[in-house]
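Source file: structure33.txt (compact mmCIF, C-alpha atoms)
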# COMPACT_ATOMS: atom_id res chain seq x y z
CA MET A 1 83.74 -23.70 -2.85
CA ARG A 2 82.63 -24.65 0.64
CA ALA A 3 79.28 -26.32 1.18
CA GLU A 4 78.06 -23.33 3.18
CA ASP A 5 78.92 -20.94 0.36
CA GLU A 6 77.26 -23.20 -2.15
CA PHE A 7 74.11 -23.31 -0.09
CA GLU A 8 74.03 -19.52 0.33
CA GLU A 9 74.53 -19.03 -3.39
CA GLU A 10 71.80 -21.49 -4.21
CA LEU A 11 69.52 -19.81 -1.70
CA SER A 12 70.05 -16.46 -3.40
CA VAL A 13 69.18 -17.95 -6.77
CA ARG A 14 66.05 -19.68 -5.46
CA LEU A 15 64.87 -16.55 -3.66
CA GLY A 16 65.32 -14.54 -6.86
CA ALA A 17 63.45 -17.13 -8.88
CA ARG A 18 60.61 -17.25 -6.38
CA ALA A 19 60.21 -13.47 -6.41
CA ALA A 20 60.53 -13.12 -10.15
CA GLY A 21 56.93 -13.98 -10.86
CA ILE A 22 55.59 -11.20 -8.67
CA GLY A 23 54.68 -7.94 -10.31
CA GLY A 24 52.14 -5.24 -10.62
CA SER A 25 51.73 -1.55 -11.16
CA PRO A 26 51.42 0.89 -8.29
CA PRO A 27 47.98 2.41 -7.58
CA LEU A 28 49.51 5.85 -7.31
CA ALA A 29 46.30 7.77 -6.73
CA GLU A 30 45.26 5.47 -3.91
CA LEU A 31 48.70 5.53 -2.37
CA ARG A 32 48.71 9.32 -2.46
CA GLU A 33 45.30 9.45 -0.84
CA ALA A 34 46.34 6.93 1.82
CA GLY A 35 49.43 9.03 2.50
CA ARG A 36 47.34 12.19 2.86
CA ARG A 37 44.95 10.43 5.22
CA ARG A 38 47.85 9.28 7.33
CA ALA A 39 49.32 12.79 7.33
CA ARG A 40 45.98 14.19 8.48
CA ARG A 41 45.74 11.57 11.22
CA ARG A 42 49.26 12.38 12.37
CA GLY A 43 48.35 16.05 12.53
CA VAL A 44 45.28 15.32 14.62
CA VAL A 45 47.19 12.95 16.89
CA ARG A 46 49.94 15.50 17.37
CA ALA A 47 47.45 18.23 18.19
CA VAL A 48 45.60 16.02 20.67
CA THR A 49 48.89 14.91 22.21
CA ALA A 50 50.06 18.50 22.55
CA VAL A 51 46.82 19.48 24.27
CA ALA A 52 47.04 16.46 26.58
CA VAL A 53 50.66 17.23 27.48
CA LEU A 54 49.80 20.85 28.20
CA ALA A 55 46.85 19.77 30.32
CA VAL A 56 48.97 17.30 32.27
CA GLY A 57 51.70 19.91 32.70
CA ALA A 58 49.23 22.51 33.92
CA GLY A 59 47.70 19.96 36.27
CA ALA A 60 51.11 19.02 37.64
CA LEU A 61 51.97 22.66 38.23
CA THR A 62 48.66 23.15 39.98
CA GLN A 63 49.28 20.13 42.20
CA LEU A 64 52.79 21.28 42.99
CA GLY A 65 51.57 24.77 43.74
CA GLY A 66 54.31 26.48 41.79
CA GLY A 67 55.01 28.04 38.41
CA GLY A 68 52.18 28.51 36.00
CA ASN A 69 51.14 31.55 34.10
CA ALA A 70 49.22 33.97 36.16
CA ALA A 71 47.10 35.02 33.23
CA SER A 72 46.07 31.47 32.40
CA GLY A 73 44.43 30.75 35.70
CA ALA A 74 46.48 27.55 35.93
CA GLY A 75 48.66 28.47 38.86
CA PRO A 76 48.26 27.31 42.43
CA ALA A 77 44.73 26.23 43.13
CA ALA A 78 42.18 28.75 44.19
CA THR A 79 44.31 31.86 44.37
CA PRO A 80 41.96 34.68 45.24
CA VAL A 81 41.79 37.58 42.86
CA VAL A 82 40.38 40.97 43.53
CA THR A 83 38.11 42.08 40.77
CA PRO A 84 36.77 45.52 39.93
CA THR A 85 33.42 44.44 41.27
CA GLY A 86 34.92 43.75 44.62
CA THR A 87 35.01 39.97 44.83
CA ALA A 88 37.71 37.37 45.05
CA VAL A 89 37.73 34.88 42.20
CA VAL A 90 38.69 31.22 42.21
CA THR A 91 38.93 30.27 38.56
CA PRO A 92 38.65 26.71 37.28
CA THR A 93 41.94 25.49 35.89
CA GLY A 94 42.48 26.72 32.38
CA THR A 95 39.54 29.08 32.32
CA PRO A 96 40.68 31.88 30.09
CA GLY A 97 39.96 35.54 30.33
CA ARG A 98 40.33 36.01 34.08
CA THR A 99 43.31 37.82 35.52
CA SER A 100 44.86 35.77 38.29
CA ARG A 101 47.21 37.04 40.90
CA GLY A 102 49.33 35.61 43.63
CA ALA A 103 52.66 36.16 45.26
CA GLU A 104 54.68 32.95 45.22
CA THR A 105 56.85 34.61 42.66
CA ASP A 106 57.29 38.17 41.53
CA GLU A 107 56.16 37.21 38.05
CA ARG A 108 52.73 36.31 39.34
CA VAL A 109 52.20 39.67 40.99
CA LYS A 110 50.69 41.43 38.05
CA THR A 111 48.51 44.16 39.37
CA VAL A 112 46.27 45.16 42.20
CA LEU A 113 42.84 45.87 40.89
CA SER A 114 40.38 48.58 41.68
CA CYS A 115 37.92 48.13 44.52
CA GLY A 116 35.24 49.45 42.20
CA ARG A 117 35.53 53.13 43.00
CA SER A 118 37.69 54.92 40.45
CA GLY A 119 38.88 58.48 40.33
CA PRO A 120 37.97 60.86 37.50
CA SER A 121 39.15 59.73 34.11
CA SER A 122 40.61 63.13 33.24
CA ALA A 123 42.78 63.27 36.31
CA PRO A 124 45.51 65.89 36.52
CA ALA A 125 49.16 64.90 36.45
CA SER A 126 49.47 64.94 40.23
CA ASP A 127 46.55 62.52 40.52
CA GLN A 128 48.13 60.29 37.93
CA GLN A 129 51.28 60.19 40.02
CA ALA A 130 49.19 59.36 43.08
CA GLY A 131 47.50 56.58 41.15
CA ALA A 132 50.86 55.17 40.11
CA ASP A 133 52.03 55.27 43.72
CA LEU A 134 48.87 53.49 44.79
CA VAL A 135 49.44 50.72 42.25
CA ALA A 136 53.08 50.33 43.27
CA ALA A 137 52.19 50.23 46.95
CA GLY A 138 49.45 47.70 46.27
CA ARG A 139 51.89 45.43 44.52
CA ALA A 140 54.35 45.69 47.41
CA VAL A 141 51.66 44.84 49.97
CA GLU A 142 50.30 42.01 47.87
CA ARG A 143 53.73 40.47 47.40
CA MET A 144 54.68 40.74 51.02
CA ALA A 145 51.37 39.62 52.49
CA ARG A 146 50.94 36.66 50.14
CA GLN A 147 54.42 35.43 50.92
CA GLU A 148 54.50 35.98 54.65
CA TYR A 149 50.87 35.89 55.79
CA GLY A 150 49.28 33.56 53.27
CA ASP A 151 46.99 31.93 55.82
CA HIS A 152 45.44 35.20 56.95
CA TYR A 153 45.78 37.54 54.01
CA PHE A 154 42.83 37.69 51.64
CA ALA A 155 43.30 40.40 49.06
CA THR A 156 44.14 44.02 48.36
CA CYS A 157 42.37 46.44 46.12
CA LEU A 158 42.73 50.08 45.18
CA ASP A 159 40.29 52.83 46.04
CA THR A 160 41.65 55.42 43.66
CA ALA A 161 38.98 57.99 44.51
CA GLU A 162 40.22 58.06 48.10
CA GLY A 163 43.85 57.27 47.35
CA THR A 164 43.54 54.33 49.66
CA LEU A 165 44.80 50.79 49.61
CA VAL A 166 42.19 48.42 51.05
CA VAL A 167 43.72 45.34 52.63
CA MET A 168 41.35 42.50 53.47
CA ARG A 169 42.66 40.01 56.00
CA ASN A 170 41.85 37.87 58.97
CA PRO A 171 41.86 40.32 61.88
CA ALA A 172 43.82 37.96 64.11
CA PRO A 173 46.93 39.56 65.61
CA THR A 174 49.44 38.24 63.17
CA GLY A 175 51.59 41.30 62.57
CA LEU A 176 50.25 41.64 59.05
CA ASP A 177 48.88 45.13 59.61
CA ALA A 178 52.20 46.46 60.85
CA ALA A 179 54.06 44.76 58.02
CA ALA A 180 51.67 46.27 55.45
CA SER A 181 52.14 49.72 56.92
CA GLN A 182 55.87 49.27 56.65
CA ALA A 183 55.54 48.05 53.07
CA VAL A 184 53.75 51.21 51.92
CA ALA A 185 56.15 53.54 53.73
CA PRO A 186 58.04 54.40 50.51
CA TRP A 187 54.80 55.96 49.19
CA PRO A 188 53.76 58.46 51.86
CA THR A 189 50.71 59.67 49.95
CA VAL A 190 49.12 56.24 50.03
CA LYS A 191 46.61 55.61 52.79
CA LEU A 192 45.89 52.18 54.18
CA ARG A 193 42.58 50.76 55.30
CA PHE A 194 42.20 47.29 56.79
CA VAL A 195 39.02 45.32 56.33
CA ALA A 196 38.26 42.25 58.42
CA ALA A 197 37.63 39.04 56.50
CA PRO A 198 37.52 36.47 59.30
CA SER A 199 35.65 33.88 57.30
CA TYR A 200 38.10 34.02 54.41
CA PRO A 201 39.97 30.76 55.22
CA SER A 202 36.79 28.68 55.39
CA GLN A 203 35.40 30.34 52.27
CA LEU A 204 38.61 29.73 50.41
CA THR A 205 38.42 26.06 51.37
CA LEU A 206 34.83 25.91 50.13
CA ALA A 207 35.74 27.71 46.91
CA LYS A 208 38.59 25.26 46.29
CA GLU A 209 36.24 22.34 46.89
CA ILE A 210 33.71 23.67 44.40
CA ARG A 211 36.39 24.34 41.85
CA ALA A 212 37.84 20.87 42.29
CA GLU A 213 34.45 19.35 41.62
CA ALA A 214 33.67 21.52 38.61
CA GLY A 215 34.67 18.70 36.26
CA ASP A 216 32.26 16.32 37.97
CA TRP A 217 29.43 18.80 37.64
CA SER A 218 30.13 19.16 33.96
CA ALA A 219 30.48 15.42 33.33
CA THR A 220 27.57 14.13 35.36
CA LYS A 221 25.02 16.92 35.29
CA GLY A 222 26.02 19.08 32.36
CA VAL A 223 26.57 22.09 34.62
CA TYR A 224 29.56 24.15 33.52
CA ILE A 225 31.06 26.06 36.45
CA ALA A 226 32.90 28.95 34.84
CA TRP A 227 34.48 30.38 37.98
CA VAL A 228 34.03 30.69 41.72
CA GLU A 229 34.21 33.96 43.65
CA ILE A 230 34.61 34.76 47.32
CA ALA A 231 32.56 37.85 48.09
CA LEU A 232 34.67 40.61 49.55
CA ASP A 233 32.03 41.45 52.09
CA GLY A 234 32.66 38.04 53.58
CA LYS A 235 29.11 36.87 53.15
CA GLY A 236 29.77 33.85 51.00
CA VAL A 237 31.02 32.17 47.86
CA ILE A 238 29.57 32.92 44.42
CA VAL A 239 29.45 30.18 41.79
CA HIS A 240 29.18 31.41 38.21
CA THR A 241 27.54 29.09 35.71
CA PRO A 242 25.50 29.58 32.54
CA GLN A 243 23.05 27.05 33.98
CA ALA A 244 22.43 29.15 37.09
CA GLU A 245 18.66 29.04 36.81
CA THR A 246 18.38 25.28 36.59
CA ALA A 247 21.34 24.29 38.75
CA ARG A 248 21.01 26.85 41.58
CA ALA A 249 18.98 24.67 43.93
CA GLU A 250 21.20 21.64 43.52
CA ILE A 251 24.44 23.60 43.98
CA VAL A 252 23.14 25.28 47.12
CA ARG A 253 21.91 21.96 48.42
CA GLN A 254 25.35 20.47 47.80
CA TYR A 255 27.49 23.27 49.27
CA GLY A 256 25.24 25.06 51.71
CA ASN A 257 23.64 28.45 52.09
CA LEU A 258 26.90 30.36 51.99
CA VAL A 259 26.93 29.70 48.28
CA SER A 260 25.26 32.01 45.81
CA VAL A 261 24.80 31.01 42.20
CA GLY A 262 24.90 33.51 39.38
CA LEU A 263 25.40 33.75 35.66
CA MET B 1 40.60 -1.83 -7.08
CA LYS B 2 41.01 1.17 -9.31
CA ARG B 3 44.51 1.51 -10.62
CA GLU B 4 46.48 4.10 -12.46
CA SER B 5 48.72 3.26 -15.33
CA MET B 6 52.34 3.48 -14.34
CA ARG B 7 54.86 5.28 -16.46
CA PRO B 8 58.16 6.06 -14.85
CA GLY B 9 58.76 9.77 -14.87
CA GLY B 10 55.37 10.49 -16.23
CA SER B 11 53.26 10.29 -13.12
CA GLY B 12 53.41 13.94 -12.22
CA SER B 13 55.95 16.29 -10.81
CA ASP B 14 56.22 14.69 -7.37
CA PRO B 15 59.60 12.90 -7.19
CA PHE B 16 58.15 10.46 -4.67
CA ASP B 17 55.53 9.39 -7.22
CA GLU B 18 58.29 8.86 -9.72
CA PHE B 19 60.25 6.82 -7.21
CA VAL B 20 57.19 4.66 -6.44
CA ALA B 21 56.48 4.14 -10.10
CA ALA B 22 60.07 3.09 -10.76
CA ARG B 23 60.68 0.87 -7.73
CA TYR B 24 57.24 -0.51 -6.92
CA GLN B 25 57.83 -3.94 -8.43
CA ALA B 26 61.21 -4.45 -6.76
CA LEU B 27 59.78 -3.44 -3.41
CA LEU B 28 56.78 -5.69 -3.90
CA ARG B 29 59.01 -8.68 -4.61
CA GLY B 30 60.96 -8.07 -1.44
CA ALA B 31 57.74 -7.74 0.50
CA TYR B 32 56.49 -10.98 -1.00
CA LEU B 33 59.54 -12.90 0.16
CA ILE B 34 59.25 -11.37 3.61
CA THR B 35 55.56 -12.10 4.03
CA GLY B 36 55.14 -15.21 1.88
CA ASP B 37 51.81 -13.99 0.53
CA VAL B 38 51.07 -11.69 -2.40
CA HIS B 39 48.15 -9.93 -0.74
CA ASP B 40 50.01 -9.45 2.52
CA ALA B 41 52.96 -8.17 0.53
CA ARG B 42 50.80 -5.54 -1.18
CA ASP B 43 49.25 -4.53 2.13
CA LEU B 44 52.64 -4.25 3.74
CA LEU B 45 54.16 -2.24 0.91
CA HIS B 46 51.18 0.09 0.59
CA ASP B 47 51.16 0.63 4.33
CA ALA B 48 54.87 1.45 4.28
CA LEU B 49 54.46 3.84 1.33
CA ALA B 50 51.58 5.58 3.10
CA ARG B 51 53.74 5.94 6.20
CA VAL B 52 56.62 7.41 4.24
CA TYR B 53 54.44 9.67 2.08
CA PRO B 54 53.93 12.41 4.71
CA LYS B 55 57.69 12.48 5.32
CA ARG B 56 58.73 12.44 1.68
CA SER B 57 59.80 16.06 1.69
CA ALA B 58 62.34 15.24 4.41
CA ILE B 59 64.04 12.65 2.21
CA ARG B 60 66.75 14.74 0.58
CA GLU B 61 68.49 12.04 -1.45
CA PRO B 62 66.33 10.22 -3.98
CA GLY B 63 68.43 7.11 -3.49
CA ALA B 64 67.57 7.01 0.20
CA ALA B 65 63.85 6.69 -0.40
CA GLU B 66 63.99 2.99 -1.24
CA GLY B 67 65.92 2.15 1.90
CA TYR B 68 63.51 4.23 3.92
CA VAL B 69 60.47 2.45 2.52
CA ARG B 70 62.10 -0.96 2.86
CA ARG B 71 63.11 -0.27 6.45
CA THR B 72 59.57 0.83 7.26
CA MET B 73 58.24 -2.29 5.63
CA VAL B 74 60.56 -4.67 7.48
CA ARG B 75 60.08 -3.06 10.86
CA THR B 76 56.34 -2.91 10.45
CA HIS B 77 56.26 -6.56 9.52
CA VAL B 78 58.37 -7.77 12.40
CA SER B 79 56.77 -5.56 14.99
CA ARG B 80 54.74 -7.24 17.66
CA TRP B 81 51.86 -4.85 17.07
CA ARG B 82 51.40 -5.97 13.51
CA ARG B 83 51.91 -9.61 14.41
CA THR B 84 49.14 -9.56 16.96
CA ARG B 85 46.88 -7.36 14.88
CA ARG B 86 47.00 -9.15 11.63
CA GLU B 87 47.62 -12.81 12.00
CA VAL B 88 48.99 -15.74 13.94
CA LEU B 89 52.25 -17.31 12.86
CA THR B 90 51.86 -20.60 11.09
CA SER B 91 54.12 -22.89 9.14
CA VAL B 92 51.26 -23.85 6.85
CA LEU B 93 51.10 -21.92 3.62
CA PRO B 94 47.90 -19.93 3.15
CA ASP B 95 45.30 -20.84 0.57
CA GLY B 96 44.68 -18.79 -2.53
CA PRO B 97 46.94 -17.18 -5.08
CA ALA B 98 50.00 -17.36 -2.83
CA VAL B 99 49.93 -21.13 -3.05
CA GLN B 100 49.98 -20.93 -6.81
CA GLU B 101 52.94 -18.60 -6.67
CA ALA B 102 54.68 -20.91 -4.27
CA GLU B 103 54.24 -23.91 -6.50
CA ARG B 104 57.38 -22.97 -8.35
CA ASP B 105 59.44 -23.69 -5.25
CA GLY B 106 57.09 -25.04 -2.67
CA GLN B 107 59.85 -26.48 -0.57
CA LEU B 108 61.59 -23.10 -0.22
CA ALA B 109 58.26 -21.45 0.52
CA ALA B 110 57.54 -23.94 3.28
CA ALA B 111 61.00 -23.56 4.73
CA LEU B 112 60.74 -19.75 4.72
CA ALA B 113 57.28 -19.90 6.26
CA GLY B 114 58.70 -21.92 9.14
CA LEU B 115 61.14 -19.18 10.10
CA PRO B 116 60.39 -16.56 12.72
CA ARG B 117 59.74 -13.17 11.13
CA ARG B 118 63.02 -11.54 12.04
CA GLN B 119 65.04 -14.49 10.78
CA ARG B 120 63.04 -14.58 7.60
CA ALA B 121 63.44 -10.86 7.02
CA ALA B 122 67.16 -11.11 7.72
CA VAL B 123 67.55 -13.93 5.21
CA VAL B 124 65.64 -12.03 2.52
CA LEU B 125 67.59 -8.82 3.11
CA ARG B 126 70.90 -10.65 3.02
CA TYR B 127 70.41 -13.25 0.31
CA TYR B 128 67.78 -11.72 -1.94
CA LEU B 129 68.59 -8.03 -1.71
CA ASP B 130 72.28 -8.78 -1.18
CA LEU B 131 72.66 -6.24 1.60
CA PRO B 132 75.76 -6.41 3.82
CA VAL B 133 75.19 -7.69 7.35
CA ALA B 134 75.66 -4.22 8.82
CA GLN B 135 72.87 -2.90 6.58
CA VAL B 136 70.65 -5.86 7.51
CA ALA B 137 71.10 -4.82 11.13
CA VAL B 138 70.09 -1.26 10.27
CA GLU B 139 67.01 -2.43 8.39
CA LEU B 140 65.94 -4.67 11.25
CA GLY B 141 66.71 -2.03 13.83
CA CYS B 142 69.07 -4.24 15.81
CA SER B 143 72.79 -4.66 16.45
CA VAL B 144 75.09 -6.33 13.97
CA THR B 145 75.60 -9.20 16.40
CA THR B 146 71.87 -9.75 16.66
CA ALA B 147 71.52 -9.58 12.89
CA LYS B 148 74.27 -12.21 12.54
CA THR B 149 72.45 -14.40 15.02
CA HIS B 150 69.19 -14.08 13.07
CA LEU B 151 71.00 -14.92 9.86
CA ALA B 152 72.85 -17.89 11.31
CA ARG B 153 69.74 -19.39 12.86
CA GLY B 154 67.70 -18.72 9.74
CA LEU B 155 70.29 -20.33 7.50
CA LYS B 156 70.60 -23.33 9.77
CA ALA B 157 66.86 -23.90 9.74
CA LEU B 158 66.67 -23.49 5.98
CA ARG B 159 69.55 -25.85 5.45
CA GLN B 160 67.87 -28.49 7.56
CA GLU B 161 64.71 -28.13 5.52
CA LEU B 162 66.33 -27.92 2.11
CA GLU B 163 69.46 -30.10 2.35
CA PRO B 164 67.66 -33.48 2.09
CA ALA B 165 66.25 -32.47 -1.26
CA ARG B 166 69.66 -31.39 -2.46
CA GLU B 167 71.15 -34.68 -1.37
CA LEU B 168 68.35 -36.52 -3.11
CA VAL B 169 68.93 -34.51 -6.26
CA GLY B 170 72.63 -35.29 -5.95
CA ARG B 171 72.00 -39.02 -5.80
CA GLU B 172 69.69 -38.89 -8.77
CA GLY B 173 72.24 -36.82 -10.67
As structure tokens, please, write out the structure in this file.
Amino acid sequence: MRAEDEFEEELSVRLGARAAGIGGSPPLAELREAGRRRARRRGVVRAVTAVAVLAVGAGALTQLGGGGNAASGAGPAATPVVTPTGTAVVTPTGTPGRTSRGAETDERVKTVLSCGRSGPSSAPASDQQAGADLVAAGRAVERMARQEYGDHYFATCLDTAEGTLVVMRNPAPTGLDAAASQAVAPWPTVKLRFVAAPSYPSQLTLAKEIRAEAGDWSATKGVYIAWVEIALDGKGVIVHTPQAETARAEIVRQYGNLVSVGL
Amino acid sequence: MKRESMRPGGSGSDPFDEFVAARYQALLRGAYLITGDVHDARDLLHDALARVYPKRSAIREPGAAEGYVRRTMVRTHVSRWRRTRREVLTSVLPDGPAVQEAERDGQLAAALAGLPRRQRAAVVLRYYLDLPVAQVAVELGCSVTTAKTHLARGLKALRQELEPARELVGREG
């Protein structure tokens, strides 16, 4: 037998002899409890990781300005939304419960909301058809205008009582009005009305700024900014926060008199 | 520390409990040779068992559980994270019960303690547990070539530490 083999054999014997004196019984209950604790920790870590990944993904989509789920409010930053109360909404990222709308993709064009004046609830069949046409025309205008006139187009809403599509835009001669008229041509019963919103670009910029700083307000002052609206009458930006009473003065001081603070 | 009495097969219906009850001592001995200290060995084994416990339902073959626990133990021990968290490498044997255990073969204990962790683990896996080199590589999470290198360097260092004593014994004999 070679010297190397002899040494390896002797090593095996000595290792076995050294380990032979070690023994003990397993603390099964403690091991089970330690295993359960670790399983719980893993579950928590996985949940936190999943939330973090989703948050990072949503943030990346927001930064890239594409994708995102329209209903989640996590799409491109500060997409204006027409609400039944007649205001455009800029929702903080991830704020649930607000319908968002845009036109970068067809999927994000969900609906065109009412301007706040609805027709009778027990409308006859012909009115229902007119309402359907109005909705379809609104979607067509929204899609076209958001894609081709994004810098000047504000929002569209439905005045079902009048059978009218209200298009709010910068009144500069951009060709948007003619394009909108052409877009609703397939629905001859639909009437169009254009409303000037010349201050929309600056208000949108302000709304985006406020939304971007919502996290800072929450972290440093405990003010939770739920969402930001651009008033359809063009008179300003509305910041919605549960702390409206206490934070109103500071928010107005920060962003100027165009800002209104509400609950 | 509160302990339960261990009876193989009688520790409940969980097969993992039965496996732990049956193989605890063998695993502890392996851990002791890898760490060189009884308390560290228990910590290492218990940590490995706790890691494997949540995944026990995914272990389909009962025979695979021991390898899984051992692999977890070895990799945890040689990982940098554990090395920096728990202790600094030293060739000096620790005080306490481990010294008493080592008295039986203090020279081997000192020689093992002087090896880097991966070499030491490779030597224990190969020459105590009698695993083939390919399996040693699997347990260490490295290539077969790397495992052979660890083994060769570990053996060389041990031989240098232990050979003089053998020669001395030979002369006396």
Identify, on the basis of only C-alpha atoms, every residue whose closest approach to Met168 of chain A does not exceed 9 Å; exclude the query and any residue fewer than 5 positions from it along the same chain; express the result as number ranges by chain. A: 153-157, 193-197, 232
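Here atom CA of Glu213 of chain A stands at a distance of 29.0 Å from atom CA of Arg46 of chain A.
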Distance-based interface of chain A with chain B, 12 Å, counting all atoms listed in the file, as a ChimeraX atom specification: /A:3-43
Next, write the just-selected residues to a file, as a PDB file, in the frame of the given file, keeping C-alpha atoms as the atom set.
ATOM      1  CA  ALA A   3      79.280 -26.320   1.180  1.00  0.00           C
ATOM      2  CA  GLU A   4      78.060 -23.330   3.180  1.00  0.00           C
ATOM      3  CA  ASP A   5      78.920 -20.940   0.360  1.00  0.00           C
ATOM      4  CA  GLU A   6      77.260 -23.200  -2.150  1.00  0.00           C
ATOM      5  CA  PHE A   7      74.110 -23.310  -0.090  1.00  0.00           C
ATOM      6  CA  GLU A   8      74.030 -19.520   0.330  1.00  0.00           C
ATOM      7  CA  GLU A   9      74.530 -19.030  -3.390  1.00  0.00           C
ATOM      8  CA  GLU A  10      71.800 -21.490  -4.210  1.00  0.00           C
ATOM      9  CA  LEU A  11      69.520 -19.810  -1.700  1.00  0.00           C
ATOM     10  CA  SER A  12      70.050 -16.460  -3.400  1.00  0.00           C
ATOM     11  CA  VAL A  13      69.180 -17.950  -6.770  1.00  0.00           C
ATOM     12  CA  ARG A  14      66.050 -19.680  -5.460  1.00  0.00           C
ATOM     13  CA  LEU A  15      64.870 -16.550  -3.660  1.00  0.00           C
ATOM     14  CA  GLY A  16      65.320 -14.540  -6.860  1.00  0.00           C
ATOM     15  CA  ALA A  17      63.450 -17.130  -8.880  1.00  0.00           C
ATOM     16  CA  ARG A  18      60.610 -17.250  -6.380  1.00  0.00           C
ATOM     17  CA  ALA A  19      60.210 -13.470  -6.410  1.00  0.00           C
ATOM     18  CA  ALA A  20      60.530 -13.120 -10.150  1.00  0.00           C
ATOM     19  CA  GLY A  21      56.930 -13.980 -10.860  1.00  0.00           C
ATOM     20  CA  ILE A  22      55.590 -11.200  -8.670  1.00  0.00           C
ATOM     21  CA  GLY A  23      54.680  -7.940 -10.310  1.00  0.00           C
ATOM     22  CA  GLY A  24      52.140  -5.240 -10.620  1.00  0.00           C
ATOM     23  CA  SER A  25      51.730  -1.550 -11.160  1.00  0.00           C
ATOM     24  CA  PRO A  26      51.420   0.890  -8.290  1.00  0.00           C
ATOM     25  CA  PRO A  27      47.980   2.410  -7.580  1.00  0.00           C
ATOM     26  CA  LEU A  28      49.510   5.850  -7.310  1.00  0.00           C
ATOM     27  CA  ALA A  29      46.300   7.770  -6.730  1.00  0.00           C
ATOM     28  CA  GLU A  30      45.260   5.470  -3.910  1.00  0.00           C
ATOM     29  CA  LEU A  31      48.700   5.530  -2.370  1.00  0.00           C
ATOM     30  CA  ARG A  32      48.710   9.320  -2.460  1.00  0.00           C
ATOM     31  CA  GLU A  33      45.300   9.450  -0.840  1.00  0.00           C
ATOM     32  CA  ALA A  34      46.340   6.930   1.820  1.00  0.00           C
ATOM     33  CA  GLY A  35      49.430   9.030   2.500  1.00  0.00           C
ATOM     34  CA  ARG A  36      47.340  12.190   2.860  1.00  0.00           C
ATOM     35  CA  ARG A  37      44.950  10.430   5.220  1.00  0.00           C
ATOM     36  CA  ARG A  38      47.850   9.280   7.330  1.00  0.00           C
ATOM     37  CA  ALA A  39      49.320  12.790   7.330  1.00  0.00           C
ATOM     38  CA  ARG A  40      45.980  14.190   8.480  1.00  0.00           C
ATOM     39  CA  ARG A  41      45.740  11.570  11.220  1.00  0.00           C
ATOM     40  CA  ARG A  42      49.260  12.380  12.370  1.00  0.00           C
ATOM     41  CA  GLY A  43      48.350  16.050  12.530  1.00  0.00           C
TER      42      GLY A  43
END
Find the spatial neighbours of Ala180 of chain A, counting only C-alpha atoms, within a cut-off of 9 Å - ignore same-chain residues fewer than 6 positions away - and output them as a PyMOL selection string. chain A and resi 140-142+144-145+167+192
With distances taken over only C-alpha atoms, which of A:Ile238, A:Val166, A:Ala137, A:Val228 is nearest to Thr189 of chain A? A:Ala137
In Å, how far is it from atom CA of Asn170 of chain A to atom CA of Tyr149 of chain A?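 That distance, rounded to one decimal, is 9.8 Å.
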Could you please determine the separation between atom CA of Lys191 of chain A and atom CA of Arg146 of chain A in Å, to one decimal place?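 So the two atoms, atom CA of Lys191 of chain A and atom CA of Arg146 of chain A, lie 19.6 Å apart.
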Determine, counting all atoms listed in the file, which protein, DNA and RNA residues have an atom within 9 Å of an atom of Val78 of chain B; residues of the same chain fewer than 5 positions away are not included. Present the result as a list in words. Met73, Arg83, Arg117, Arg118, Ala121 and Leu140 of chain B
Need the shell around Pro242 of chain A: protein/DNA/RNA residues with any atom at most 9 Å away, counting all atoms listed in the file. Skip same-chain ones fewer than 5 positions apart. Format as a ChimeraX atom specification? /A:223-226,262-263
Go ahead and dump the residues you just picked, C-alpha atoms, as a PDB file, keeping the file's coordinate frame.
ATOM      1  CA  VAL A 223      26.570  22.090  34.620  1.00  0.00           C
ATOM      2  CA  TYR A 224      29.560  24.150  33.520  1.00  0.00           C
ATOM      3  CA  ILE A 225      31.060  26.060  36.450  1.00  0.00           C
ATOM      4  CA  ALA A 226      32.900  28.950  34.840  1.00  0.00           C
ATOM      5  CA  GLY A 262      24.900  33.510  39.380  1.00  0.00           C
ATOM      6  CA  LEU A 263      25.400  33.750  35.660  1.00  0.00           C
TER       7      LEU A 263
END
